[in-house]
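**Q** This is target_19.txt (compact mmCIF, C-alpha atoms and all ligand atoms).
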# COMPACT_ATOMS: atom_id res chain seq x y z
CA MET Q 1 65.94 102.26 4.96
CA SER Q 2 66.21 105.95 4.42
CA GLU Q 3 68.24 106.94 1.42
CA PRO Q 4 69.53 110.52 1.25
CA MET Q 5 68.35 112.33 -1.87
CA ILE Q 6 69.67 115.75 -0.98
CA GLU Q 7 72.69 116.16 1.25
CA THR Q 8 74.73 119.28 1.88
CA ARG Q 9 77.91 119.72 3.85
CA GLN Q 10 78.84 123.18 5.05
CA LEU Q 11 77.28 124.53 1.86
CA THR Q 12 78.07 128.24 1.56
CA LYS Q 13 77.31 130.96 -0.97
CA GLN Q 14 78.97 134.28 -0.57
CA TYR Q 15 78.31 137.46 -2.52
CA GLY Q 16 81.33 139.64 -1.79
CA THR Q 17 81.63 139.46 1.97
CA PHE Q 18 77.93 138.72 2.45
CA LYS Q 19 77.04 135.12 3.22
CA ALA Q 20 73.66 134.41 1.64
CA VAL Q 21 73.98 130.74 2.64
CA ASP Q 22 76.22 129.94 5.55
CA LYS Q 23 77.61 126.43 6.24
CA LEU Q 24 74.37 124.62 5.60
CA ASP Q 25 74.18 120.95 6.60
CA LEU Q 26 70.94 119.40 5.55
CA CYS Q 27 69.56 116.07 4.50
CA VAL Q 28 66.36 115.10 2.70
CA ASN Q 29 65.60 111.42 2.21
CA LYS Q 30 64.10 109.75 -0.82
CA GLY Q 31 60.32 110.10 -0.99
CA GLU Q 32 60.17 112.85 1.61
CA ILE Q 33 58.25 116.06 1.17
CA VAL Q 34 60.08 118.65 3.20
CA GLY Q 35 59.28 122.27 3.88
CA PHE Q 36 62.01 124.85 3.53
CA LEU Q 37 61.01 127.81 5.63
CA GLY Q 38 62.54 131.19 6.15
CA GLN Q 39 61.73 134.83 5.93
CA ASN Q 40 62.44 136.99 2.89
CA GLY Q 41 66.13 137.03 2.18
CA ALA Q 42 66.90 134.04 4.42
CA GLY Q 43 68.65 132.20 1.59
CA LYS Q 44 66.04 129.75 0.31
CA THR Q 45 66.28 130.51 -3.41
CA THR Q 46 70.07 130.72 -3.27
CA THR Q 47 70.14 127.23 -1.73
CA LEU Q 48 67.74 125.80 -4.31
CA LEU Q 49 69.80 127.21 -7.17
CA MET Q 50 72.93 125.53 -5.81
CA LEU Q 51 71.03 122.25 -5.36
CA MET Q 52 69.93 122.46 -9.00
CA GLY Q 53 73.51 122.86 -10.19
CA LEU Q 54 72.64 126.35 -11.43
CA SER Q 55 74.76 128.35 -9.01
CA ILE Q 56 78.24 127.41 -7.83
CA PRO Q 57 78.81 127.22 -4.08
CA THR Q 58 81.59 129.37 -2.65
CA SER Q 59 82.56 126.53 -0.35
CA GLY Q 60 81.20 123.29 1.04
CA SER Q 61 79.52 120.61 -1.04
CA ALA Q 62 76.20 119.07 -1.89
CA THR Q 63 74.91 115.96 -3.60
CA VAL Q 64 71.50 115.45 -5.17
CA ALA Q 65 70.45 111.90 -6.07
CA GLY Q 66 74.06 110.99 -5.44
CA TYR Q 67 75.50 113.49 -7.95
CA ASP Q 68 77.84 116.25 -6.84
CA VAL Q 69 76.24 119.62 -7.67
CA VAL Q 70 79.53 121.03 -8.98
CA LYS Q 71 81.38 118.11 -10.57
CA ASP Q 72 78.25 116.44 -11.89
CA SER Q 73 76.01 119.43 -12.43
CA ARG Q 74 74.73 118.10 -15.78
CA ASN Q 75 73.36 115.00 -14.11
CA VAL Q 76 72.01 117.08 -11.26
CA ARG Q 77 70.09 119.23 -13.73
CA ARG Q 78 68.83 116.09 -15.47
CA VAL Q 79 67.33 114.53 -12.35
CA THR Q 80 65.95 117.69 -10.74
CA GLY Q 81 63.04 119.90 -11.61
CA LEU Q 82 62.40 123.43 -10.40
CA LEU Q 83 59.28 125.53 -10.35
CA PRO Q 84 60.87 128.93 -9.93
CA GLU Q 85 59.45 131.82 -7.98
CA GLY Q 86 57.04 133.71 -10.22
CA ALA Q 87 57.37 131.33 -13.16
CA GLY Q 88 56.24 132.79 -16.48
CA TYR Q 89 54.46 131.20 -19.44
CA TYR Q 90 53.80 131.97 -23.08
CA GLU Q 91 50.37 133.47 -22.64
CA ASP Q 92 49.39 133.34 -26.30
CA LEU Q 93 50.23 129.65 -26.56
CA THR Q 94 48.03 126.83 -25.33
CA ALA Q 95 48.93 124.64 -22.35
CA LYS Q 96 49.94 121.89 -24.75
CA GLN Q 97 52.13 124.22 -26.82
CA ASN Q 98 53.85 125.53 -23.68
CA LEU Q 99 54.62 121.98 -22.59
CA ASP Q 100 55.70 121.02 -26.08
CA TYR Q 101 58.25 123.80 -25.93
CA VAL Q 102 59.50 122.72 -22.50
CA CYS Q 103 59.88 119.15 -23.78
CA ARG Q 104 62.06 120.41 -26.64
CA LEU Q 105 64.16 122.50 -24.25
CA ASN Q 106 64.71 119.38 -22.20
CA ASP Q 107 65.80 117.35 -25.24
CA ILE Q 108 62.88 114.95 -25.07
CA PRO Q 109 62.97 112.95 -28.35
CA SER Q 110 60.30 114.18 -30.83
CA LEU Q 111 58.40 110.92 -30.82
CA GLU Q 112 58.05 111.00 -27.06
CA ILE Q 113 56.81 114.57 -26.80
CA ALA Q 114 53.10 113.97 -27.47
CA PRO Q 115 52.73 111.13 -24.95
CA CYS Q 116 54.80 113.09 -22.44
CA VAL Q 117 52.57 116.17 -22.76
CA THR Q 118 49.44 114.04 -22.41
CA ARG Q 119 50.88 112.36 -19.34
CA VAL Q 120 51.87 115.53 -17.48
CA LEU Q 121 48.61 117.33 -18.34
CA GLU Q 122 46.78 114.36 -16.90
CA SER Q 123 48.93 114.37 -13.76
CA VAL Q 124 48.03 117.96 -12.94
CA GLY Q 125 44.38 117.69 -13.98
CA LEU Q 126 44.62 120.04 -16.97
CA SER Q 127 43.77 117.56 -19.76
CA GLN Q 128 40.56 119.31 -20.66
CA TRP Q 129 42.39 122.65 -20.93
CA ALA Q 130 45.15 121.32 -23.16
CA ASP Q 131 44.16 123.44 -26.14
CA THR Q 132 43.23 126.58 -24.22
CA LYS Q 133 45.53 129.57 -24.40
CA VAL Q 134 47.31 130.21 -21.11
CA GLU Q 135 46.06 133.82 -21.04
CA LYS Q 136 42.66 132.37 -20.13
CA PHE Q 137 44.06 130.42 -17.18
CA SER Q 138 43.51 131.40 -13.56
CA ARG Q 139 46.65 131.79 -11.48
CA GLY Q 140 46.00 128.41 -9.86
CA MET Q 141 45.79 126.75 -13.28
CA LYS Q 142 49.01 128.46 -14.31
CA GLN Q 143 50.77 127.09 -11.26
CA ARG Q 144 49.52 123.62 -12.15
CA LEU Q 145 50.91 124.13 -15.62
CA GLY Q 146 54.19 125.07 -13.95
CA ILE Q 147 54.07 121.82 -12.00
CA ALA Q 148 53.43 119.96 -15.28
CA GLU Q 149 56.56 121.62 -16.71
CA VAL Q 150 58.54 120.27 -13.76
CA LEU Q 151 57.19 116.77 -14.40
CA VAL Q 152 58.24 116.73 -18.05
CA LYS Q 153 61.65 115.28 -17.29
CA GLN Q 154 60.34 112.84 -14.68
CA PRO Q 155 62.66 114.26 -12.06
CA LYS Q 156 63.78 112.38 -8.97
CA VAL Q 157 63.78 115.55 -6.91
CA ALA Q 158 61.53 118.56 -7.42
CA PHE Q 159 62.04 122.01 -5.96
CA PHE Q 160 59.07 124.29 -5.62
CA ASP Q 161 59.98 127.86 -4.77
CA GLU Q 162 57.05 129.61 -3.10
CA PRO Q 163 54.50 127.88 -5.36
CA THR Q 164 51.39 129.36 -3.76
CA ILE Q 165 52.35 133.03 -3.68
CA GLY Q 166 49.50 135.14 -4.97
CA LEU Q 167 47.01 132.28 -5.08
CA ASP Q 168 43.60 132.43 -3.41
CA PRO Q 169 42.70 129.75 -0.84
CA LYS Q 170 41.21 127.47 -3.50
CA GLY Q 171 44.22 127.78 -5.80
CA THR Q 172 46.52 127.26 -2.84
CA LYS Q 173 44.74 124.09 -1.86
CA GLU Q 174 44.87 122.80 -5.45
CA VAL Q 175 48.61 123.26 -5.59
CA ARG Q 176 49.10 121.69 -2.17
CA ASP Q 177 46.96 118.68 -3.05
CA MET Q 178 48.87 118.33 -6.28
CA LEU Q 179 52.24 118.21 -4.53
CA LEU Q 180 50.92 115.64 -2.06
CA LYS Q 181 49.62 113.52 -4.91
CA LEU Q 182 52.92 113.60 -6.80
CA ASN Q 183 54.75 112.70 -3.63
CA LYS Q 184 52.42 109.80 -2.84
CA GLU Q 185 51.84 108.42 -6.31
CA TYR Q 186 55.29 108.79 -7.83
CA GLY Q 187 57.35 108.88 -4.66
CA LEU Q 188 58.73 112.21 -5.85
CA THR Q 189 61.10 113.79 -3.35
CA ILE Q 190 59.99 117.39 -2.84
CA LEU Q 191 61.59 120.41 -1.25
CA LEU Q 192 58.95 123.07 -0.85
CA SER Q 193 60.28 126.50 -0.11
CA SER Q 194 57.89 128.92 1.49
CA HIS Q 195 57.52 131.62 4.06
CA LEU Q 196 53.89 130.59 4.56
CA LEU Q 197 53.86 128.22 7.45
CA HIS Q 198 50.29 127.15 6.86
CA ASP Q 199 51.17 125.83 3.42
CA VAL Q 200 54.02 123.81 4.71
CA GLN Q 201 52.01 122.55 7.67
CA GLN Q 202 49.41 121.10 5.35
CA THR Q 203 51.88 119.32 3.11
CA CYS Q 204 55.09 118.48 4.90
CA GLN Q 205 55.83 116.48 8.01
CA LYS Q 206 59.35 117.73 8.31
CA VAL Q 207 60.61 121.28 7.99
CA LEU Q 208 63.97 122.91 7.62
CA ILE Q 209 64.14 126.46 8.89
CA ILE Q 210 66.77 128.82 7.61
CA ARG Q 211 67.60 132.22 9.05
CA LYS Q 212 70.25 134.54 7.66
CA GLY Q 213 71.67 131.69 5.60
CA LYS Q 214 71.99 129.33 8.58
CA LEU Q 215 69.96 126.23 9.29
CA ILE Q 216 68.36 126.76 12.68
CA ALA Q 217 65.97 123.81 12.86
CA ALA Q 218 65.28 120.51 11.13
CA ASP Q 219 62.47 118.52 12.66
CA THR Q 220 58.78 117.70 12.49
CA ILE Q 221 56.42 120.63 12.88
CA GLU Q 222 54.95 118.96 15.94
CA ASN Q 223 58.28 118.58 17.71
CA LEU Q 224 59.28 122.12 16.90
CA SER Q 225 56.09 123.64 18.18
CA ASN Q 226 56.14 121.50 21.32
CA LYS Q 227 59.67 122.59 22.01
CA LEU Q 228 58.70 126.23 21.70
CA ARG Q 229 55.51 125.92 23.69
CA GLN Q 230 57.39 124.47 26.63
CA GLY Q 231 58.44 127.20 28.96
CA GLN Q 232 55.79 129.52 27.62
CA ASN Q 233 53.20 130.91 29.95
CA MET Q 234 49.73 129.49 29.92
CA ILE Q 235 46.86 131.78 29.07
CA ILE Q 236 43.33 130.85 30.08
CA GLU Q 237 40.41 132.66 28.58
CA PHE Q 238 37.32 133.19 30.78
CA GLU Q 239 34.00 134.53 29.56
CA LEU Q 240 32.11 136.05 32.49
CA THR Q 241 28.68 137.52 33.15
CA GLN Q 242 30.38 140.62 34.59
CA VAL Q 243 33.85 142.01 34.97
CA SER Q 244 34.86 144.67 37.49
CA PRO Q 245 38.18 146.48 38.01
CA ASP Q 246 38.25 145.02 41.53
CA LEU Q 247 38.05 141.50 40.20
CA ILE Q 248 40.92 142.19 37.82
CA HIS Q 249 43.07 143.62 40.63
CA GLU Q 250 42.39 140.65 42.82
CA LEU Q 251 43.19 138.19 40.05
CA GLU Q 252 46.44 139.98 39.35
CA ALA Q 253 47.36 139.60 43.01
CA ILE Q 254 47.19 135.80 42.84
CA ASN Q 255 50.60 134.25 43.16
CA GLY Q 256 51.51 132.74 39.78
CA VAL Q 257 49.28 135.02 37.74
CA THR Q 258 51.45 137.35 35.71
CA SER Q 259 48.86 139.50 33.97
CA VAL Q 260 45.16 139.85 33.26
CA GLN Q 261 43.73 141.38 30.12
CA GLU Q 262 40.13 142.28 29.51
CA GLU Q 263 38.37 142.27 26.18
CA ASN Q 264 34.57 142.60 26.05
CA HIS Q 265 33.58 140.46 29.02
CA ARG Q 266 36.44 138.11 28.40
CA LEU Q 267 39.45 137.85 30.62
CA TYR Q 268 42.75 136.48 29.44
CA VAL Q 269 44.61 135.34 32.50
CA ASN Q 270 48.30 134.78 31.95
CA MET Q 271 49.85 132.38 34.45
CA VAL Q 272 53.12 130.56 34.96
CA GLU Q 273 51.35 127.38 36.07
CA ASN Q 274 47.79 126.17 36.14
CA MET Q 275 46.06 128.47 38.65
CA ALA Q 276 42.57 127.84 37.23
CA ARG Q 277 41.18 126.81 40.61
CA GLU Q 278 42.28 129.97 42.46
CA VAL Q 279 41.15 132.10 39.56
CA SER Q 280 37.67 130.56 39.42
CA GLU Q 281 37.25 130.88 43.20
CA THR Q 282 38.12 134.55 43.03
CA ILE Q 283 35.67 135.05 40.18
CA ALA Q 284 32.90 133.34 42.18
CA LYS Q 285 33.65 135.59 45.16
CA HIS Q 286 32.90 138.56 42.92
CA LYS Q 287 29.50 137.10 42.06
CA ALA Q 288 30.40 136.60 38.43
CA THR Q 289 29.50 133.40 36.60
CA ILE Q 290 31.92 131.68 34.27
CA LEU Q 291 30.22 131.11 30.92
CA LEU Q 292 33.26 129.71 29.21
CA MET Q 293 36.79 128.77 30.16
CA LYS Q 294 39.45 127.51 27.78
CA PRO Q 295 43.18 127.63 27.31
CA LYS Q 296 44.25 130.07 24.64
CA GLU Q 297 46.28 128.25 22.01
CA HIS Q 298 49.15 130.05 20.39
CA SER Q 299 48.75 129.75 16.66
CA LEU Q 300 51.48 127.89 14.87
CA GLU Q 301 52.30 131.16 13.13
CA GLU Q 302 52.93 132.87 16.47
CA VAL Q 303 55.06 129.99 17.61
CA PHE Q 304 57.21 129.95 14.49
CA LEU Q 305 57.69 133.69 14.42
CA LYS Q 306 59.87 133.08 17.44
CA TYR Q 307 62.05 130.76 15.41
CA TYR Q 308 62.39 133.26 12.62
CA GLU Q 309 63.05 136.25 14.80
CA GLU Q 310 65.18 134.97 17.65
CA GLU Q 311 68.70 136.25 17.48
CA ASP Q 312 71.65 133.88 17.72
N1 LIG K 401 73.10 137.54 -7.08
C1 LIG K 401 73.13 138.08 -5.87
N2 LIG K 401 74.02 139.05 -5.55
C2 LIG K 401 74.07 139.58 -4.32
N3 LIG K 401 73.24 139.24 -3.30
C3 LIG K 401 72.33 138.30 -3.56
C4 LIG K 401 72.22 137.67 -4.85
N4 LIG K 401 71.22 136.75 -4.79
C5 LIG K 401 70.74 136.83 -3.54
N5 LIG K 401 71.39 137.73 -2.80
C6 LIG K 401 71.12 138.06 -1.38
O1 LIG K 401 71.18 136.86 -0.65
C7 LIG K 401 70.20 136.83 0.37
C8 LIG K 401 69.35 135.60 0.23
O2 LIG K 401 68.54 135.70 -0.93
P1 LIG K 401 67.50 134.58 -1.39
O3 LIG K 401 66.93 135.06 -2.65
O4 LIG K 401 68.19 133.28 -1.38
O5 LIG K 401 66.45 134.65 -0.21
P2 LIG K 401 65.05 133.91 -0.09
O6 LIG K 401 65.08 133.18 1.20
O7 LIG K 401 64.77 133.15 -1.33
O8 LIG K 401 64.06 135.13 0.05
P3 LIG K 401 62.59 135.36 -0.53
O9 LIG K 401 61.65 134.77 0.48
O10 LIG K 401 62.50 136.85 -0.55
O11 LIG K 401 62.50 134.74 -1.88
C9 LIG K 401 69.42 138.13 0.22
O12 LIG K 401 69.90 139.05 1.17
C10 LIG K 401 69.73 138.58 -1.18
O13 LIG K 401 69.68 139.98 -1.28
MG MG K 402 63.31 133.25 -2.74
Spit out the file's structure as structure tokens when you get a sec.

**A**
Amino acid sequence: MSEPMIETRQLTKQYGTFKAVDKLDLCVNKGEIVGFLGQNGAGKTTTLLMLMGLSIPTSGSATVAGYDVVKDSRNVRRVTGLLPEGAGYYEDLTAKQNLDYVCRLNDIPSLEIAPCVTRVLESVGLSQWADTKVEKFSRGMKQRLGIAEVLVKQPKVAFFDEPTIGLDPKGTKEVRDMLLKLNKEYGLTILLSSHLLHDVQQTCQKVLIIRKGKLIAADTIENLSNKLRQGQNMIIEFELTQVSPDLIHELEAINGVTSVQEENHRLYVNMVENMAREVSETIAKHKATILLMKPKEHSLEEVFLKYYEEED
């Protein structure tokens, strides 16, 4: 049975007359790892801060692990962990000392601090760097330290705000794998905010998309992209031995073909339905040989840009 871990009802945050978050209704179940997508300024961080009990909603309500984010904000803060955007560390302290400090901030009893630090360092694969000063850490290692800081209080829900910004592909993968591991091994419920679709695609099955403070989609990535791809024209790419202007004109004249683009011996034929047969016959008539023929896939990025950009 699915058990809601994060639930918001008409959650709104207003700055003056500007609605940074506008009547948000969302639900994340226990053990889910959900992507929170939106362009810069869409309202992701504002939402996370409210869900952490760190910012008071203007109207509407939200519960996290069953606690109301306003009335029970202490408990909300106790059971949630946040890796903020651009988290900072004490560079001249070691990983262990940084974590020690975070344990104290979180009121972890003195006797429990050492085992806690050992445990979280182990979880993020930094045990062998425990006594190294953070200034020597790569950005990827620093992010893993940030994840360790989140794990200190053994949260039920963890929020990661753009955790892979500024990381190279290897560092990005490390962070992604880490989040997947925490989700799988500890059943940690994760809300991963990002504007990098690829990140989210690799880690989350479900995504929430927010635009101008409003939730515009909540579904699996697959369903969302299928929905968008429907009704889109089909583009078939042909690689030919030769291309002539005549051939292009004749292809354009085929009923159902909407446009033809040429790019070094390749033709991209845009059509409303599958006209591959007519197109290949026309090509043969022009004494050209088809070396390759394949549908052009829209990248997921292209597909989602439509979600982000479409006006209400
Ligand atoms: N304290 C504040 N006072 C006034 N406006 C604010 C405040 N905090 C955020 N905003 C505005 O609210 C909107 C949403 O901001 P938010 O930081 O939540 O966006 P975001 O989705 O996290 O963006 P990014 O991807 O850039 O981090 C922005 O237009 C921002 O300028
Ligand atoms: Mg943000």

**Q** Please, which residues have at least one atom within 10 Å of an atom of ligand MG 402 (chain K), using all atoms listed in the file, listed as a ChimeraX atom specification?

**A** /Q:38-49,84-86,161-162,193-195

**Q** Taking all atoms of ligand LIG 401 (chain K) that the file lists and extending 6 Å past them on each side, where is the centre of the axis-aligned box and how long are its edges? Answer in Å to one decimal, as AutoDock Vina command-line options.

**A**
--center_x 67.9 --center_y 136.6 --center_z -2.9 --size_x 24.4 --size_y 18.8 --size_z 20.3

**Q** I'd like the interatomic distance between CA of Thr94 (chain Q) and CA of Ala130 (chain Q), to a tenth of an Å.

**A**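 So the two atoms, CA of Thr94 (chain Q) and CA of Ala130 (chain Q), lie 6.6 Å apart.
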
**Q** With distances taken over all atoms listed in the file, which of Q:Ala62, Q:Leu251, Q:Val272, Q:Leu37 is nearest to His198 (chain Q)?

**A**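 Smallest separation from His198 (chain Q) among the options: Q:Leu37.
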
**Q** Which distance in Å separates CA of Leu180 (chain Q) and CA of Leu305 (chain Q), to one decimal?

**A**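 Going from CA of Leu180 (chain Q) over to CA of Leu305 (chain Q) covers 25.4 Å.
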
**Q** List the neighbours of Pro115 (chain Q) out to 12 Å using all atoms listed in the file; skip same-chain residues closer than 3 positions along the sequence, and give me the result as a short mmCIF file (atom, residue, chain, number, x, y, z; two decimals) with C-alpha atoms, keeping the file's coordinate frame.

**A**
data_model
loop_
_atom_site.label_atom_id
_atom_site.label_comp_id
_atom_site.auth_asym_id
_atom_site.auth_seq_id
_atom_site.Cartn_x
_atom_site.Cartn_y
_atom_site.Cartn_z
CA LYS Q 96 49.94 121.89 -24.75
CA LEU Q 99 54.62 121.98 -22.59
CA ASP Q 100 55.70 121.02 -26.08
CA CYS Q 103 59.88 119.15 -23.78
CA ILE Q 108 62.88 114.95 -25.07
CA PRO Q 109 62.97 112.95 -28.35
CA SER Q 110 60.30 114.18 -30.83
CA LEU Q 111 58.40 110.92 -30.82
CA GLU Q 112 58.05 111.00 -27.06
CA THR Q 118 49.44 114.04 -22.41
CA ARG Q 119 50.88 112.36 -19.34
CA VAL Q 120 51.87 115.53 -17.48
CA LEU Q 121 48.61 117.33 -18.34
CA GLU Q 122 46.78 114.36 -16.90
CA VAL Q 152 58.24 116.73 -18.05
#

**Q** List as a short mmCIF file (atom, residue, chain, number, x, y, z; two decimals) with C-alpha atoms, in the coordinates of the input the protein and nucleic acid residues near Leu126 (chain Q), meaning an atom at most 9 Å away when all atoms listed in the file are counted, but skip any in the same chain fewer than 5 places from it.

**A**
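Full text of around25.cif as output:
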data_model
loop_
_atom_site.label_atom_id
_atom_site.label_comp_id
_atom_site.auth_asym_id
_atom_site.auth_seq_id
_atom_site.Cartn_x
_atom_site.Cartn_y
_atom_site.Cartn_z
CA ALA Q 95 48.93 124.64 -22.35
CA VAL Q 120 51.87 115.53 -17.48
CA LEU Q 121 48.61 117.33 -18.34
CA MET Q 141 45.79 126.75 -13.28
CA ARG Q 144 49.52 123.62 -12.15
CA LEU Q 145 50.91 124.13 -15.62
CA ALA Q 148 53.43 119.96 -15.28
#

**Q** How many Å separate CA of Leu182 (chain Q) from CA of Ile6 (chain Q)?

**A**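 Between CA of Leu182 (chain Q) and CA of Ile6 (chain Q) the gap is 17.9 Å.
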
**Q** Got a sec: who's within 12 Å of His286 (chain Q), counting only C-alpha atoms, leaving out chain neighbours fewer than 4 positions off, as a list of chain:residue names?

**A** Q:Leu240, Q:Thr241, Q:Gln242, Q:Val243, Q:Ser244, Q:Pro245, Q:Asp246, Q:Leu247, Q:Ile248, Q:His249, Q:Glu250, Q:Leu251, Q:Val279, Q:Ser280, Q:Glu281, Q:Thr282, Q:Ile290

**Q** Name the closest residue to Tyr90 (chain Q) among the candidates Q:Thr132, Q:Ser123, Q:Asn75, Q:Gln202; distances are taken between atoms, counting only C-alpha atoms.

**A**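 Closest to Tyr90 (chain Q) of all the choices is Q:Thr132.
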
**Q** What's around Ala218 (chain Q) at 7 Å? Count all atoms listed in the file, leave out sequence neighbours fewer than 4 positions away in its own chain, and write the answer as a PyMOL selection string.

**A** chain Q and resi 207-209

**Q** Output file request: region 176-227 of chain Q, with C-alpha atoms, as a PDB file, in the first residue's frame.

**A**
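In the end it all went to part17.pdb:
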ATOM      1  CA  ARG Q 176      23.191   9.788  -8.876  1.00  0.00           C
ATOM      2  CA  ASP Q 177      24.323   6.291  -7.932  1.00  0.00           C
ATOM      3  CA  MET Q 178      24.557   7.385  -4.328  1.00  0.00           C
ATOM      4  CA  LEU Q 179      20.967   8.638  -4.261  1.00  0.00           C
ATOM      5  CA  LEU Q 180      19.754   5.413  -5.863  1.00  0.00           C
ATOM      6  CA  LYS Q 181      21.642   3.387  -3.293  1.00  0.00           C
ATOM      7  CA  LEU Q 182      20.202   5.324  -0.350  1.00  0.00           C
ATOM      8  CA  ASN Q 183      16.748   4.947  -1.803  1.00  0.00           C
ATOM      9  CA  LYS Q 184      17.138   1.207  -2.351  1.00  0.00           C
ATOM     10  CA  GLU Q 185      19.060   0.252   0.760  1.00  0.00           C
ATOM     11  CA  TYR Q 186      17.396   2.461   3.347  1.00  0.00           C
ATOM     12  CA  GLY Q 187      14.080   3.052   1.617  1.00  0.00           C
ATOM     13  CA  LEU Q 188      14.787   6.767   1.914  1.00  0.00           C
ATOM     14  CA  THR Q 189      12.100   8.896   0.286  1.00  0.00           C
ATOM     15  CA  ILE Q 190      13.835  11.398  -1.979  1.00  0.00           C
ATOM     16  CA  LEU Q 191      12.719  14.536  -3.739  1.00  0.00           C
ATOM     17  CA  LEU Q 192      15.388  15.506  -6.227  1.00  0.00           C
ATOM     18  CA  SER Q 193      15.078  19.000  -7.565  1.00  0.00           C
ATOM     19  CA  SER Q 194      16.808  19.705 -10.827  1.00  0.00           C
ATOM     20  CA  HIS Q 195      16.541  21.470 -14.121  1.00  0.00           C
ATOM     21  CA  LEU Q 196      18.696  18.770 -15.700  1.00  0.00           C
ATOM     22  CA  LEU Q 197      16.336  16.264 -17.175  1.00  0.00           C
ATOM     23  CA  HIS Q 198      19.041  13.715 -17.818  1.00  0.00           C
ATOM     24  CA  ASP Q 199      19.849  13.520 -14.123  1.00  0.00           C
ATOM     25  CA  VAL Q 200      16.297  12.943 -13.184  1.00  0.00           C
ATOM     26  CA  GLN Q 201      15.765  10.448 -15.986  1.00  0.00           C
ATOM     27  CA  GLN Q 202      18.574   8.289 -14.661  1.00  0.00           C
ATOM     28  CA  THR Q 203      17.346   8.278 -11.084  1.00  0.00           C
ATOM     29  CA  CYS Q 204      13.623   8.822 -10.837  1.00  0.00           C
ATOM     30  CA  GLN Q 205      10.673   6.986 -12.296  1.00  0.00           C
ATOM     31  CA  LYS Q 206       8.232   9.706 -11.494  1.00  0.00           C
ATOM     32  CA  VAL Q 207       8.614  13.426 -12.049  1.00  0.00           C
ATOM     33  CA  LEU Q 208       6.785  16.504 -10.921  1.00  0.00           C
ATOM     34  CA  ILE Q 209       7.107  19.465 -13.238  1.00  0.00           C
ATOM     35  CA  ILE Q 210       6.584  22.959 -11.952  1.00  0.00           C
ATOM     36  CA  ARG Q 211       6.263  26.078 -14.074  1.00  0.00           C
ATOM     37  CA  LYS Q 212       5.772  29.565 -12.676  1.00  0.00           C
ATOM     38  CA  GLY Q 213       4.899  28.093  -9.295  1.00  0.00           C
ATOM     39  CA  LYS Q 214       2.228  25.758 -10.685  1.00  0.00           C
ATOM     40  CA  LEU Q 215       2.366  21.998 -10.955  1.00  0.00           C
ATOM     41  CA  ILE Q 216       1.874  21.178 -14.625  1.00  0.00           C
ATOM     42  CA  ALA Q 217       2.636  17.453 -14.678  1.00  0.00           C
ATOM     43  CA  ALA Q 218       3.040  14.533 -12.300  1.00  0.00           C
ATOM     44  CA  ASP Q 219       3.686  11.233 -14.003  1.00  0.00           C
ATOM     45  CA  THR Q 220       6.332   8.776 -15.141  1.00  0.00           C
ATOM     46  CA  ILE Q 221       8.875  10.118 -17.605  1.00  0.00           C
ATOM     47  CA  GLU Q 222       7.752   7.513 -20.100  1.00  0.00           C
ATOM     48  CA  ASN Q 223       4.095   8.507 -19.963  1.00  0.00           C
ATOM     49  CA  LEU Q 224       4.937  12.174 -20.215  1.00  0.00           C
ATOM     50  CA  SER Q 225       7.161  11.759 -23.227  1.00  0.00           C
ATOM     51  CA  ASN Q 226       4.676   9.464 -24.951  1.00  0.00           C
ATOM     52  CA  LYS Q 227       1.948  11.997 -24.407  1.00  0.00           C
TER      53      LYS Q 227
END
